[in-house]
Structures are given as structure tokens and as C-alpha cells.
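For reference, model-v5.pdb is printed below; it contains PDB, C-alpha atoms and all ligand atoms.
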ATOM      1  CA  MET Z   1      25.298   6.179   5.253
ATOM      2  CA  GLN Z   2      21.568   5.947   6.025
ATOM      3  CA  ALA Z   3      20.525   4.735   9.491
ATOM      4  CA  PRO Z   4      18.907   1.278   9.576
ATOM      5  CA  ILE Z   5      15.090   1.394   9.557
ATOM      6  CA  GLN Z   6      15.035  -0.014  13.084
ATOM      7  CA  GLU Z   7      16.771   3.141  14.326
ATOM      8  CA  LEU Z   8      14.421   5.534  12.510
ATOM      9  CA  ILE Z   9      11.291   4.067  14.065
ATOM     10  CA  PRO Z  10      11.423   4.031  17.873
ATOM     11  CA  ALA Z  11      11.529   0.542  19.407
ATOM     12  CA  GLU Z  12       8.430   1.169  21.537
ATOM     13  CA  LEU Z  13       6.380   2.000  18.438
ATOM     14  CA  GLN Z  14       7.761  -1.005  16.553
ATOM     15  CA  SER Z  15       6.735  -3.250  19.397
ATOM     16  CA  ARG Z  16       3.241  -1.689  19.692
ATOM     17  CA  PHE Z  17       2.770  -2.003  15.939
ATOM     18  CA  ALA Z  18       3.851  -5.663  15.945
ATOM     19  CA  LYS Z  19       1.442  -6.561  18.775
ATOM     20  CA  ALA Z  20      -1.510  -4.312  17.920
ATOM     21  CA  ARG Z  21      -4.872  -6.007  17.376
ATOM     22  CA  ASN Z  22      -7.063  -2.981  16.774
ATOM     23  CA  VAL Z  23      -5.629   0.007  14.928
ATOM     24  CA  LEU Z  24      -7.311   3.294  14.049
ATOM     25  CA  VAL Z  25      -5.848   5.877  11.679
ATOM     26  CA  LEU Z  26      -7.108   9.450  11.364
ATOM     27  CA  THR Z  27      -5.844  11.315   8.315
ATOM     28  CA  GLY Z  28      -5.989  14.887   7.088
ATOM     29  CA  ALA Z  29      -4.924  16.870   4.058
ATOM     30  CA  GLY Z  30      -1.211  16.292   4.738
ATOM     31  CA  VAL Z  31      -1.443  12.645   3.706
ATOM     32  CA  SER Z  32      -2.435  13.787   0.195
ATOM     33  CA  ALA Z  33       0.108  16.626  -0.010
ATOM     34  CA  GLU Z  34       2.705  14.397  -1.685
ATOM     35  CA  SER Z  35       0.125  13.469  -4.322
ATOM     36  CA  GLY Z  36      -0.157  17.158  -5.199
ATOM     37  CA  VAL Z  37      -3.330  18.051  -3.277
ATOM     38  CA  PRO Z  38      -2.858  21.421  -1.571
ATOM     39  CA  THR Z  39      -3.422  21.444   2.190
ATOM     40  CA  PHE Z  40      -5.875  23.906   3.719
ATOM     41  CA  ARG Z  41      -3.497  25.578   6.143
ATOM     42  CA  GLY Z  42       0.185  26.415   5.916
ATOM     43  CA  GLY Z  43       2.322  26.329   2.782
ATOM     44  CA  GLY Z  44       1.909  29.978   1.845
ATOM     45  CA  GLY Z  45      -1.707  30.953   2.299
ATOM     46  CA  ALA Z  46      -5.186  29.542   2.070
ATOM     47  CA  ALA Z  47      -6.866  28.579  -1.193
ATOM     48  CA  VAL Z  48      -8.827  31.290  -2.977
ATOM     49  CA  TRP Z  49     -11.345  30.799  -5.797
ATOM     50  CA  LYS Z  50     -12.298  33.828  -7.913
ATOM     51  CA  GLY Z  51     -11.335  36.140  -5.071
ATOM     52  CA  MET Z  52     -13.272  34.184  -2.436
ATOM     53  CA  PRO Z  53     -11.452  32.380   0.410
ATOM     54  CA  PHE Z  54     -12.170  28.621   0.493
ATOM     55  CA  ASP Z  55     -14.265  28.942   3.654
ATOM     56  CA  VAL Z  56     -16.612  31.338   1.828
ATOM     57  CA  ILE Z  57     -16.976  29.461  -1.446
ATOM     58  CA  SER Z  58     -17.216  26.150   0.474
ATOM     59  CA  SER Z  59     -19.934  27.300   2.819
ATOM     60  CA  ALA Z  60     -23.521  26.365   3.560
ATOM     61  CA  GLY Z  61     -24.496  29.988   2.869
ATOM     62  CA  MET Z  62     -23.021  29.842  -0.635
ATOM     63  CA  VAL Z  63     -25.125  26.748  -1.462
ATOM     64  CA  GLN Z  64     -28.188  28.881  -0.708
ATOM     65  CA  GLN Z  65     -26.927  31.997  -2.489
ATOM     66  CA  ASN Z  66     -25.117  30.637  -5.502
ATOM     67  CA  LEU Z  67     -25.066  26.856  -5.970
ATOM     68  CA  GLN Z  68     -23.695  27.319  -9.489
ATOM     69  CA  ALA Z  69     -20.556  29.005  -8.092
ATOM     70  CA  VAL Z  70     -20.133  26.204  -5.539
ATOM     71  CA  TRP Z  71     -20.313  23.632  -8.352
ATOM     72  CA  GLU Z  72     -17.780  25.588 -10.447
ATOM     73  CA  TRP Z  73     -15.334  25.432  -7.533
ATOM     74  CA  PHE Z  74     -15.926  21.734  -6.928
ATOM     75  CA  ASP Z  75     -15.804  20.906 -10.667
ATOM     76  CA  TYR Z  76     -12.464  22.706 -10.817
ATOM     77  CA  ARG Z  77     -11.144  20.757  -7.822
ATOM     78  CA  ARG Z  78     -12.398  17.402  -9.172
ATOM     79  CA  ASN Z  79     -10.761  18.146 -12.467
ATOM     80  CA  LEU Z  80      -7.406  18.743 -10.753
ATOM     81  CA  LEU Z  81      -7.817  15.621  -8.614
ATOM     82  CA  SER Z  82      -8.640  13.353 -11.538
ATOM     83  CA  GLU Z  83      -4.982  13.447 -12.623
ATOM     84  CA  LEU Z  84      -3.572  12.653  -9.180
ATOM     85  CA  VAL Z  85      -2.577   9.270  -7.812
ATOM     86  CA  PRO Z  86      -2.140   7.895  -4.291
ATOM     87  CA  ASN Z  87       1.318   8.199  -2.749
ATOM     88  CA  ALA Z  88       3.318   5.856  -0.534
ATOM     89  CA  GLY Z  89       1.431   7.107   2.531
ATOM     90  CA  HIS Z  90      -1.995   6.154   1.141
ATOM     91  CA  LEU Z  91      -0.658   2.811  -0.114
ATOM     92  CA  THR Z  92       0.912   1.938   3.233
ATOM     93  CA  ILE Z  93      -2.301   2.748   5.107
ATOM     94  CA  ALA Z  94      -4.241   0.582   2.636
ATOM     95  CA  SER Z  95      -1.861  -2.317   3.307
ATOM     96  CA  TRP Z  96      -2.479  -2.038   7.062
ATOM     97  CA  GLN Z  97      -6.125  -3.071   6.712
ATOM     98  CA  GLU Z  98      -4.994  -6.660   6.029
ATOM     99  CA  ARG Z  99      -2.399  -6.613   8.749
ATOM    100  CA  PHE Z 100      -4.470  -6.228  11.906
ATOM    101  CA  PRO Z 101      -7.498  -8.189  13.138
ATOM    102  CA  GLU Z 102      -9.399  -4.882  13.343
ATOM    103  CA  PHE Z 103      -8.553  -1.752  11.423
ATOM    104  CA  THR Z 104     -10.391   1.545  10.942
ATOM    105  CA  LEU Z 105      -9.465   4.394   8.647
ATOM    106  CA  VAL Z 106     -11.115   7.716   9.416
ATOM    107  CA  THR Z 107     -10.379  10.581   7.064
ATOM    108  CA  GLN Z 108     -11.173  14.255   6.845
ATOM    109  CA  ASN Z 109     -10.143  14.203   3.195
ATOM    110  CA  VAL Z 110     -12.708  14.398   0.440
ATOM    111  CA  ASP Z 111     -10.323  13.556  -2.425
ATOM    112  CA  GLY Z 112     -11.004   9.799  -2.611
ATOM    113  CA  LEU Z 113      -7.274   8.954  -2.753
ATOM    114  CA  HIS Z 114      -7.473   6.477   0.130
ATOM    115  CA  GLN Z 115     -10.078   4.483  -1.799
ATOM    116  CA  LYS Z 116      -7.990   4.787  -4.974
ATOM    117  CA  ALA Z 117      -5.103   3.246  -2.985
ATOM    118  CA  GLY Z 118      -7.328   0.298  -2.030
ATOM    119  CA  SER Z 119      -8.640   1.311   1.400
ATOM    120  CA  LYS Z 120     -12.106  -0.069   2.104
ATOM    121  CA  ASN Z 121     -14.865   0.988   4.500
ATOM    122  CA  VAL Z 122     -13.283   4.397   4.981
ATOM    123  CA  ILE Z 123     -15.160   6.568   7.463
ATOM    124  CA  GLU Z 124     -15.408   9.897   5.642
ATOM    125  CA  LEU Z 125     -16.035  12.612   8.202
ATOM    126  CA  HIS Z 126     -16.242  15.414   5.629
ATOM    127  CA  GLY Z 127     -17.843  13.624   2.677
ATOM    128  CA  ASN Z 128     -16.407  12.932  -0.753
ATOM    129  CA  ILE Z 129     -15.873  15.266  -3.681
ATOM    130  CA  TRP Z 130     -16.683  12.424  -6.099
ATOM    131  CA  ARG Z 131     -20.309  12.281  -4.927
ATOM    132  CA  ALA Z 132     -23.298  14.593  -5.423
ATOM    133  CA  ARG Z 133     -26.267  14.662  -3.061
ATOM    134  CA  CYS Z 134     -29.828  15.776  -3.653
ATOM    135  CA  ILE Z 135     -30.693  18.820  -1.536
ATOM    136  CA  ALA Z 136     -34.213  17.425  -1.007
ATOM    137  CA  CYS Z 137     -34.252  13.610  -0.844
ATOM    138  CA  GLU Z 138     -30.517  13.116  -0.122
ATOM    139  CA  SER Z 139     -30.062  10.515  -2.901
ATOM    140  CA  ARG Z 140     -26.381  10.231  -3.734
ATOM    141  CA  PHE Z 141     -24.728  10.003  -7.148
ATOM    142  CA  ASP Z 142     -21.252   8.790  -8.036
ATOM    143  CA  LEU Z 143     -19.654  11.503 -10.156
ATOM    144  CA  ARG Z 144     -16.948   9.135 -11.387
ATOM    145  CA  ILE Z 145     -19.534   7.360 -13.493
ATOM    146  CA  SER Z 146     -21.987  10.207 -14.201
ATOM    147  CA  HIS Z 147     -20.809  12.190 -17.245
ATOM    148  CA  PRO Z 148     -21.620  14.959 -17.711
ATOM    149  CA  ARG Z 149     -22.260  15.862 -14.071
ATOM    150  CA  PRO Z 150     -26.036  15.875 -13.553
ATOM    151  CA  ASP Z 151     -27.580  19.090 -12.184
ATOM    152  CA  ASN Z 152     -30.745  17.447 -10.904
ATOM    153  CA  CYS Z 153     -31.690  14.378  -8.922
ATOM    154  CA  ILE Z 154     -32.938  11.494 -11.041
ATOM    155  CA  SER Z 155     -35.207  10.369  -8.176
ATOM    156  CA  CYS Z 156     -37.041  13.616  -7.371
ATOM    157  CA  GLY Z 157     -35.773  16.236  -9.826
ATOM    158  CA  GLU Z 158     -34.458  18.623  -7.161
ATOM    159  CA  ARG Z 159     -31.036  20.250  -7.398
ATOM    160  CA  LEU Z 160     -27.852  18.358  -6.558
ATOM    161  CA  ARG Z 161     -24.997  19.683  -4.457
ATOM    162  CA  PRO Z 162     -21.529  18.330  -3.639
ATOM    163  CA  ASP Z 163     -21.718  15.567  -0.976
ATOM    164  CA  VAL Z 164     -19.127  17.360   1.088
ATOM    165  CA  VAL Z 165     -19.359  18.960   4.516
ATOM    166  CA  LEU Z 166     -19.197  22.704   3.979
ATOM    167  CA  PHE Z 167     -18.401  25.390   6.507
ATOM    168  CA  GLY Z 168     -21.370  25.894   8.786
ATOM    169  CA  GLU Z 169     -22.652  22.338   8.288
ATOM    170  CA  MET Z 170     -22.950  19.255  10.463
ATOM    171  CA  LEU Z 171     -21.013  16.055   9.776
ATOM    172  CA  PRO Z 172     -22.869  13.251   7.954
ATOM    173  CA  ALA Z 173     -25.220  11.459  10.331
ATOM    174  CA  GLY Z 174     -23.495   8.669  12.216
ATOM    175  CA  ALA Z 175     -19.965   9.167  10.812
ATOM    176  CA  PHE Z 176     -18.455  10.777  13.888
ATOM    177  CA  GLU Z 177     -20.315   8.432  16.245
ATOM    178  CA  LEU Z 178     -18.951   5.382  14.395
ATOM    179  CA  ALA Z 179     -15.418   6.805  14.397
ATOM    180  CA  ALA Z 180     -15.656   7.599  18.120
ATOM    181  CA  GLU Z 181     -16.928   4.102  18.903
ATOM    182  CA  ARG Z 182     -13.957   2.595  17.014
ATOM    183  CA  ALA Z 183     -11.557   5.029  18.726
ATOM    184  CA  VAL Z 184     -12.640   3.809  22.153
ATOM    185  CA  ARG Z 185     -11.782   0.226  21.185
ATOM    186  CA  CYS Z 186      -8.435   0.677  19.387
ATOM    187  CA  ASP Z 187      -5.122  -0.105  21.051
ATOM    188  CA  LEU Z 188      -2.946   1.852  18.619
ATOM    189  CA  CYS Z 189      -3.996   5.141  17.007
ATOM    190  CA  PHE Z 190      -2.183   7.118  14.318
ATOM    191  CA  VAL Z 191      -2.970  10.742  13.567
ATOM    192  CA  ILE Z 192      -1.440  11.593  10.222
ATOM    193  CA  GLY Z 193      -1.202  14.820   8.248
ATOM    194  CA  THR Z 194      -3.775  16.886  10.070
ATOM    195  CA  SER Z 195      -3.367  20.248  11.776
ATOM    196  CA  ALA Z 196      -5.863  18.914  14.366
ATOM    197  CA  LEU Z 197      -7.610  22.270  14.484
ATOM    198  CA  VAL Z 198     -11.000  21.195  13.179
ATOM    199  CA  TYR Z 199     -13.455  19.566  15.561
ATOM    200  CA  PRO Z 200     -15.028  17.130  16.082
ATOM    201  CA  ALA Z 201     -12.486  15.285  13.845
ATOM    202  CA  ALA Z 202      -9.588  16.273  16.105
ATOM    203  CA  SER Z 203     -11.319  14.722  19.105
ATOM    204  CA  ILE Z 204     -11.000  11.191  17.647
ATOM    205  CA  PRO Z 205      -7.330  10.784  18.724
ATOM    206  CA  GLU Z 206      -8.185  12.369  22.075
ATOM    207  CA  ILE Z 207     -10.925   9.773  22.588
ATOM    208  CA  ALA Z 208      -8.534   6.954  21.647
ATOM    209  CA  LYS Z 209      -5.872   8.228  24.027
ATOM    210  CA  SER Z 210      -8.325   8.695  26.902
ATOM    211  CA  ALA Z 211      -9.509   5.123  26.410
ATOM    212  CA  GLY Z 212      -5.943   3.842  26.742
ATOM    213  CA  ALA Z 213      -4.615   3.654  23.166
ATOM    214  CA  TYR Z 214      -0.999   4.384  22.272
ATOM    215  CA  LEU Z 215      -1.078   7.533  20.148
ATOM    216  CA  CYS Z 216       1.399   8.301  17.368
ATOM    217  CA  GLU Z 217       1.440  11.440  15.231
ATOM    218  CA  VAL Z 218       3.070  11.687  11.789
ATOM    219  CA  ASN Z 219       3.462  15.277  10.624
ATOM    220  CA  PRO Z 220       6.358  17.553   9.652
ATOM    221  CA  GLU Z 221       4.963  20.154  12.062
ATOM    222  CA  ARG Z 222       3.768  20.008  15.638
ATOM    223  CA  THR Z 223       0.038  20.304  16.273
ATOM    224  CA  PRO Z 224      -2.186  20.894  19.322
ATOM    225  CA  LEU Z 225      -2.326  17.093  19.693
ATOM    226  CA  SER Z 226       1.465  16.602  19.767
ATOM    227  CA  ASN Z 227       1.638  17.041  23.525
ATOM    228  CA  ILE Z 228      -0.724  14.164  24.266
ATOM    229  CA  CYS Z 229       0.950  11.817  21.769
ATOM    230  CA  ASP Z 230       3.125   8.959  22.978
ATOM    231  CA  GLU Z 231       5.241   9.305  19.849
ATOM    232  CA  VAL Z 232       5.625  12.156  17.361
ATOM    233  CA  LEU Z 233       7.321  11.215  14.090
ATOM    234  CA  SER Z 234       8.369  14.431  12.450
ATOM    235  CA  GLY Z 235       8.343  14.149   8.673
ATOM    236  CA  SER Z 236       6.180  13.419   5.672
ATOM    237  CA  ALA Z 237       3.651  10.599   5.629
ATOM    238  CA  GLY Z 238       4.990   9.244   2.332
ATOM    239  CA  ALA Z 239       8.497   8.869   3.760
ATOM    240  CA  ILE Z 240       7.653   7.694   7.286
ATOM    241  CA  LEU Z 241       4.677   5.337   6.961
ATOM    242  CA  PRO Z 242       6.418   2.739   4.743
ATOM    243  CA  LEU Z 243       9.203   2.589   7.339
ATOM    244  CA  ILE Z 244       6.779   1.728  10.149
ATOM    245  CA  GLY Z 245       5.530  -1.293   8.255
ATOM    246  CA  ALA Z 246       8.995  -2.317   7.069
ATOM    247  CA  ALA Z 247      10.544  -1.991  10.519
ATOM    248  CA  THR Z 248       8.145  -4.519  11.979
ATOM    249  CA  ASN Z 249       7.955  -7.042   9.144
TER     250      ASN Z 249
HETATM  251  P1  LIG G 301      -4.726  21.270   7.230
HETATM  252  O1  LIG G 301      -4.399  21.933   5.951
HETATM  253  O2  LIG G 301      -5.322  22.081   8.322
HETATM  254  O3  LIG G 301      -3.416  20.607   7.838
HETATM  255  C1  LIG G 301      -2.567  19.834   7.050
HETATM  256  C2  LIG G 301      -1.514  19.225   7.950
HETATM  257  O4  LIG G 301      -0.734  18.343   7.171
HETATM  258  C3  LIG G 301      -0.550  20.235   8.579
HETATM  259  O5  LIG G 301      -0.455  19.959   9.975
HETATM  260  C4  LIG G 301       0.767  19.960   7.885
HETATM  261  O6  LIG G 301       1.893  20.163   8.742
HETATM  262  C5  LIG G 301       0.621  18.489   7.535
HETATM  263  N1  LIG G 301       1.408  18.037   6.386
HETATM  264  C6  LIG G 301       1.794  18.737   5.299
HETATM  265  N2  LIG G 301       2.467  17.941   4.446
HETATM  266  C7  LIG G 301       2.497  16.707   5.008
HETATM  267  C8  LIG G 301       3.036  15.460   4.615
HETATM  268  N3  LIG G 301       3.681  15.303   3.457
HETATM  269  N4  LIG G 301       2.877  14.403   5.440
HETATM  270  C9  LIG G 301       2.218  14.537   6.625
HETATM  271  N5  LIG G 301       1.687  15.694   7.041
HETATM  272  C10 LIG G 301       1.822  16.770   6.248
HETATM  273  O7  LIG G 301      -5.649  20.013   6.866
HETATM  274  P2  LIG G 301      -6.644  19.198   7.786
HETATM  275  O8  LIG G 301      -6.119  19.050   9.157
HETATM  276  O9  LIG G 301      -7.010  17.981   7.026
HETATM  277  O10 LIG G 301     -12.685  20.533   6.335
HETATM  278  O11 LIG G 301      -7.899  20.164   7.815
HETATM  279  C11 LIG G 301      -9.040  19.742   8.470
HETATM  280  C12 LIG G 301     -10.252  20.258   7.774
HETATM  281  O12 LIG G 301     -10.135  21.673   7.617
HETATM  282  C13 LIG G 301     -10.442  19.760   6.360
HETATM  283  O13 LIG G 301     -11.013  18.471   6.282
HETATM  284  C14 LIG G 301     -11.364  20.788   5.800
HETATM  285  C15 LIG G 301     -10.793  22.059   6.385
HETATM  286  O14 LIG G 301     -11.735  22.982   6.749
HETATM  287  C16 LIG G 301     -13.730  20.610   5.508
HETATM  288  O15 LIG G 301     -13.615  20.868   4.335
HETATM  289  C17 LIG G 301     -15.032  20.364   6.177
END
Would it be possible to restate this file's structure as C-alpha cells?
Amino acid sequence: MQAPIQELIPAELQSRFAKARNVLVLTGAGVSAESGVPTFRGGGGAAVWKGMPFDVISSAGMVQQNLQAVWEWFDYRRNLLSELVPNAGHLTIASWQERFPEFTLVTQNVDGLHQKAGSKNVIELHGNIWRARCIACESRFDLRISHPRPDNCISCGERLRPDVVLFGEMLPAGAFELAAERAVRCDLCFVIGTSALVYPAASIPEIAKSAGAYLCEVNPERTPLSNICDEVLSGSAGAILPLIGAATN
């Protein structure tokens, strides 16, 4: 017989969740794993495209050397993603935005599945695969509505590139600062489906914790952040997150 939900989610977390007024969630690739999006690390080796590891094909240097190859890789990934749908983890996180007086979702994911699940005002630390950006004037174009994908900017005519943070690049201006400002103010912080190896994203939960938030990790594996967490829920986001909401309804 299955244990009652109340026993699967620790009482302390249930109580924090019920009383929380300002919640921040940081997600990584693991939250999309159950939708069929491969994670970057673990699970039998890193992604490779035409013999190049993902950190080579997805690099600032490759934009300079061979933008066409970068687009081929991103077109391929967008094509795979277009068939995928949000899972119970994304949907639960989307439902939380109505539940608390203040709620912030910060993601490292570029797949757009949080938005597809209904999440609004998502702070995207690493950009979005469904946008292109002009390399000169930085105008942005929504690739969901631009068919075929334009090669050049309609404002200035320069070349477009994926609006995604590549290896060797800075985060979009203001995104980390906004996330950090929200992290300082939250009282409950979830870190979900991230290996917490990539900075500055991984510092968001550290900032929240240092400022006094209760920190809960959801991940089937331990991460470098596990030791500073108040609660570590070991398992998949799609299975665990709906229980957190249900346990405190
Ligand atoms: P990783 O691939 O590094 O880590 C994925 C994490 O998800 C691991 O800790 C897994 O244990 C966990 N995981 C796997 N399945 C899960 C599930 N069903 N539910 C919950 N967790 C699960 O991905 P990120 O931490 O997101 O940056 O990687 C961070 C950044 O590294 C990415 O945004 C990307 C990459 O370089 C850029 O592209 C700029």
C-alpha cells in the first residue's frame, strides 16, 4: 500500500509551503527530463553534434567561426523540442505562481517548456532557443512565429544568432541581478533538477539561503548544494512536485 502523501513530504516542508509568502524556484535541465529533453550531464555521456561536444558547438567561438553550423545544431534541437510537452513538474510550478503573494521562477533551461506550461515572467538566465537575436543591434525575433527562420535582422540586415547564452558568454544583462534580488527576499526556495555546477546560476539558492530562506532541493541525485539544503527530496520533479502542492492543500 502506498504511504499517504503527508508522510512522503516532510511535515516541516509542508508547514513552510503552507505559510510561505515569497517563493523562488530555480530549475535546470532535470525538470524537462521527463518531457524527453536530454540533460547536459549524467545519463550516459554528454551531447555530441556531428562529432563536436555540445560545449564546442554551443560556444561563442563557433558563432565567430561557423554561425551556419551553430544554427544547424539549434535548428535540430528546436525541431526535437517542438514535439515535446510540459510534464507534471512544469505544470505544478506554473500552478504555484497563483498560490503565493510573490513568486519567482528562474530557469537555466532554454526549451520554453515552463512558458508552455503557463509560467509567466520567467527569468531566463541562459536565454531561449525559440528566439533569435541580431548580432549587431540585438533586436529579438520569436522563432515560433517566424517561418522559415530568418537569417538576417529585419531592422538592420545583420546576421541573426540564437538568443541563448553560449559557452564563453556572459548572461543576459540584468537577468542574474534580478534573480539575485528576488532570492534575497524569498522565504522559501526550491532548487529543482540542476546539477548546480554552473555559476552564477548555482549561486541563486546560496543567496536565498544566506538571506534566511528555507532551501529545498528536488533531484534524484545529490549535488554540491545538497549539504546547505534544509530538505533534500530525492526523486524526479514530475513525481515529487505535485505531492508538495497536494500535501498542503
Ligand atoms: P545538468 O545536466 O548539469 O543537470 C541535470 C540535473 O537534473 C542532474 O543533477 C540530474 O540528477 C537532475 N535530474 C535528472 N532527471 C531529473 C528529474 N526527472 N527530476 C529532477 N531532476 C532530475 O543540467 P543543468 O544543471 O541545468 O548552460 O545545467 C546547467 C547549465 O549547464 C545549462 O543551463 C547549460 C549547461 O551548460 C548553458 O547552456 C549556458
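Among Z:Glu217, Z:Val164, Z:Ser236, Z:Ile207, the residue with the shortest atom-to-atom distance to Val63 of chain Z, counting all atoms listed in the file, is Z:Val164.
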Is it possible to get the axis-aligned box enclosing segment 102-120 of chain Z (all listed atoms, 5 Å extra per side) as AutoDock Vina command-line options, with centre and edge lengths in Å rounded to one decimal?
--center_x -8.9 --center_y 4.8 --center_z 4.2 --size_x 17.6 --size_y 29.3 --size_z 28.3
Using only C-alpha atoms, which residue out of Z:Ala33, Z:Val110, Z:Cys216, Z:Ile135 lies closest to Ala88 of chain Z?
-> Z:Ala33
Selection: 10 Å around Arg78 of chain Z, all atoms listed in the file, excl. self and same-chain fewer than 2 positions, as a ChimeraX atom specification = /Z:72-76,80-83,111,129-130,143-144
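Comparing the minimum interatomic distances between ligand LIG 301 (chain G) and each of Z:Arg182, Z:Lys120, Z:Arg99, Z:His126, counting only C-alpha atoms and all ligand atoms, we find that Z:His126 sits nearest.
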Selected by the PyMOL selection byres (((chain Z and resi 71) around 10) and not hetatm) in the shown coordinates: which residues, as a ChimeraX atom specification?
-> /Z:57-58,63,66-70,72-77,132,149,151,160-162
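In this structure, atom O11 of ligand LIG 301 (chain G) sits 28.6 Å away from atom CA of Glu12 of chain Z.
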How many Å lie between atom CA of Ala29 of chain Z and atom CA of Ala213 of chain Z, rounded to one decimal?
-> 23.2 Å
Could the residues that lie within 9 Å of ligand LIG 301 (chain G), counting all atoms listed in the file, be listed as an MDAnalysis selection string?
-> chainID Z and resid 27:35 38:43 46 54:55 58 89 107:110 125:127 164:169 171 192:199 201:202 218:223 234:240
Separation of atom CA of Ile204 of chain Z from atom CA of Asn121 of chain Z, in Å and rounded to one decimal = 17.1 Å
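What the PyMOL selection byres (((chain Z and resi 116) around 10) and not hetatm) matches in the given file is Leu84, Val85, Pro86, His90, Leu91, Ala94, Asp111, Gly112, Leu113, His114, Gln115, Ala117, Gly118, Ser119 and Lys120 of chain Z.
Minimum atom-to-atom distances from Z:Asn87, Z:Phe103, Z:Ser15, Z:Pro53 to Val122 of chain Z were compared using only C-alpha atoms, and the lowest value belongs to Z:Phe103.
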Name the residues in contact with Cys134 of chain Z at a cut-off of 12 Å, using all atoms listed in the file, excluding same-chain residues fewer than 6 positions from it; report them as number ranges by chain.
-> Z: 140-142, 150-164
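By chain and then residue number, the residues within 12 Å of Asp230 of chain Z are Pro10, Glu12, Leu13, Arg16, Leu188, Cys189, Phe190, Val191, Pro205, Glu206, Ala208, Lys209, Gly212, Ala213, Tyr214, Leu215, Cys216, Glu217, Val218, Leu225, Ser226, Asn227 and Leu233 of chain Z, counting all atoms listed in the file and disregarding those fewer than 3 positions away in sequence.
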